[in-house]
Amino acid sequence: MLKVRGYSAQNAESALAPFVFERRDPGPRDVRIEILYCGVCHSDLHQARNHWSNSLYPMVPGHEIVGRVVKVGAGVKKLKVGDFAGVGCMVDSCRECSACQEDLEQYCERGATWTYNARERHSEQLTFGGYSEQIVVDEHFVVTIPETLDLKAVAPLLCAGITTYSPLRHWRVAPGQKVGVIGLGGLGHMGIKFAKALGARVVMITTSPEKGKDARRLGADDVLVSSDAAAMTRHRASFDFLLNTIPVGHDVNPYVQLLKRDRTMVLVGALTALEPALQGYNVIGGRRSVAGSAIGGMQETQDMIDFCARHDIVSDIEMIRIQSVNEAYARLLKNGVKYRFVIDMSSLQESA
Ligand code: NAP
Ligand code: ZN
Ligand code: ZN
C-alpha cells in the first residue's frame, strides 16, 4: 500500500481539506500514475455537495486526471514508465456484459466503477479521485496522451472533452449542419471546438450575453441569447442538433422548439427532473427527440484524444492551486469560470 495525500470532502457541507489515504500496490494490469494536473468538473461540485443524493464520504473528487506513469504491473502492455497518461470518470467495469463488449463501459449493465464516489468491484473499498498525488488504475481505463499536446490543458478532455465529443459523433454531426451548444462552461466550450472541427455551423446558445465574444473566439459562428424571445423565434425549427450542457433541471421546451423535424437535442448536464415538464406537442410535432448521453467508452476516449492531437484542440483553462479549490467551487456555482479550472497538483507539496 502507498500513502497518498489529497483533498477530500468529509460531508456535504464541509470545505475540502487535506486528507491522507492509501492506494493499492499495482497489480499485474495496473498502472501507477503520478498526477500532474486535475480538472475541476461541475460534477465534482455536484457530488461533493451531495446534489444527486448518492454521495459517499470521505470523498476525494477529480476525474479529469493527467499525469506520468511511475510504475506498471508485469502484464501491462499499453504504457511504460515515463509515459503521459490520462484517467477519466471510470476505473473499472465488468468487461463481460454487452455494453462492455461494445466498448461502452460507461453503460456497463453491472454498473461502471466511477473514479470517485464509488466502491471498487472486488474489495468494496471507496474509490478516490484525482485531487491527489497518485492513482492506481487498470490499464484498460487509462489513455495515452501524445507529448505534442499541452498537458495541463488536456486534463479537461478526460471528462468535458469526451462527454461532448461522444454525442457529436454518435448523432453524426457533419459538415454544413447547424449545431447549437447550450451553456458556455467547461463542457460547452469543448462542444463548440469539437462541433467546429467536425465542420458544423456552430451557434452558442447562452444565458450570458457577455460571453458572446468569447464564444466567437472559441469558434462559434453565431450567438443566441436564450432570454431574447425574438431571437429564439427567428431560430425556431432551424437546428440539426442541440447539445445541452445546462447543469440543473430547466425548461427544455424553448430549446426543443429550435430543432428541425426529426432532429435531436442531447442532454448531458441535467440529471434531475426537467421542470416545467416537456410538452408532448414539442416532440410530437416535428417528430423530434430529446436524448441523453454519458461520457464515452475507453476506446472512444482514446479516439477523442487522438482527434484533439490531429486538430490541435485542448481546453481553455485557469490554473489553480489545490489550496484554492473551495474558492474555485464558489466561482463555479456563480457561473464564473473561463472555461475550466485545472489544479496544479504540485501545489499539494505546499500543504505538507
Ligand atoms: P459549468 O462549467 O458550470 O457550465 C455550465 C454552463 O451552463 C454555465 O456556464 C452556463 O452557461 C449554463 N448554466 C448554468 N446554470 C444555468 C441555469 N440555471 N440555466 C441555464 N443555463 C445555465 O459546468 P460543466 O462542468 O460544463 O458541467 C455541465 C453539466 O454537465 C454538469 O451538470 C455536470 O455534472 C454535467 N456532466 C455530465 C457528464 C455526462 O457524462 N453526461 C459529464 C460531465 C459533466 P451560460 O452562461 O452560457 O448560459
Ligand atoms: Zn466530469
Ligand atoms: Zn459490463
# chains A, B, ... in the order shown; residues from 1 in each chain; ligands from 1

$ residues_around --residues "His46 in chain A" --least-positions-apart "2" --cutoff "10 Å" --atoms "only C-alpha atoms" --output "PyMOL selection string"
chain A and resi 12+41-44+48-53+55+247-248+329+333

$ residues_around --residues "Glu327 in chain A" --least-positions-apart "6" --cutoff "12 Å" --atoms "only C-alpha atoms" --output "MDAnalysis selection string"
chainID A and resid 15:16 40 45 320:321 333:334 336:337 341

$ residues_near_ligand --ligand "ligand 1" --cutoff "8 Å" --atoms "only C-alpha atoms and all ligand atoms" --output "PyMOL selection string"
chain A and resi 40-46+159-160+163+182-189+204-209+211+245-250+267-271+292-296+332-333+335-337+339-340

$ residues_near_ligand --ligand "ligand 3" --cutoff "10 Å" --atoms "only C-alpha atoms and all ligand atoms" --output "VMD selection string"
chain A and resid 92 to 113

$ select_by_dssp --residues "range 233-284 of chain A" --states "helix (DSSP H, G or I)" --output "list in words"
Thr233, Arg234, Asn253, Pro254, Tyr255, Val256, Gly280, Tyr281, Asn282, Val283 and Ile284 of chain A

$ closest_residue --among "A:Gly88, A:Gly6, A:Pro18, A:Gly82" --to "ligand 2" --atoms "only C-alpha atoms and all ligand atoms"
A:Gly88

$ closest_residue --among "A:Ala309, A:Val342, A:Ala273, A:Arg68" --to "Val325 in chain A" --atoms "only C-alpha atoms"
A:Val342

$ closest_residue --among "A:Asp240, A:Asp222, A:Asp214, A:Glu22" --to "Asp316 in chain A" --atoms "only C-alpha atoms"
A:Asp214

$ closest_residue --among "A:Val4, A:Val31, A:Val136, A:Ala153" --to "Val76 in chain A" --atoms "only C-alpha atoms"
A:Val31

$ residues_around --residues "Gln302 in chain A" --least-positions-apart "5" --cutoff "9 Å" --atoms "only C-alpha atoms" --output "JSON, numbers by chain"
{"A": [142, 143, 144, 145, 297, 307]}

$ closest_residue --among "A:Trp114, A:Asn54, A:Phe21, A:Phe84" --to "ligand 2" --atoms "only C-alpha atoms and all ligand atoms"
A:Trp114

$ closest_residue --among "A:Thr148, A:Thr164, A:Ser123, A:Ser132" --to "ligand 2" --atoms "only C-alpha atoms and all ligand atoms"
A:Thr164
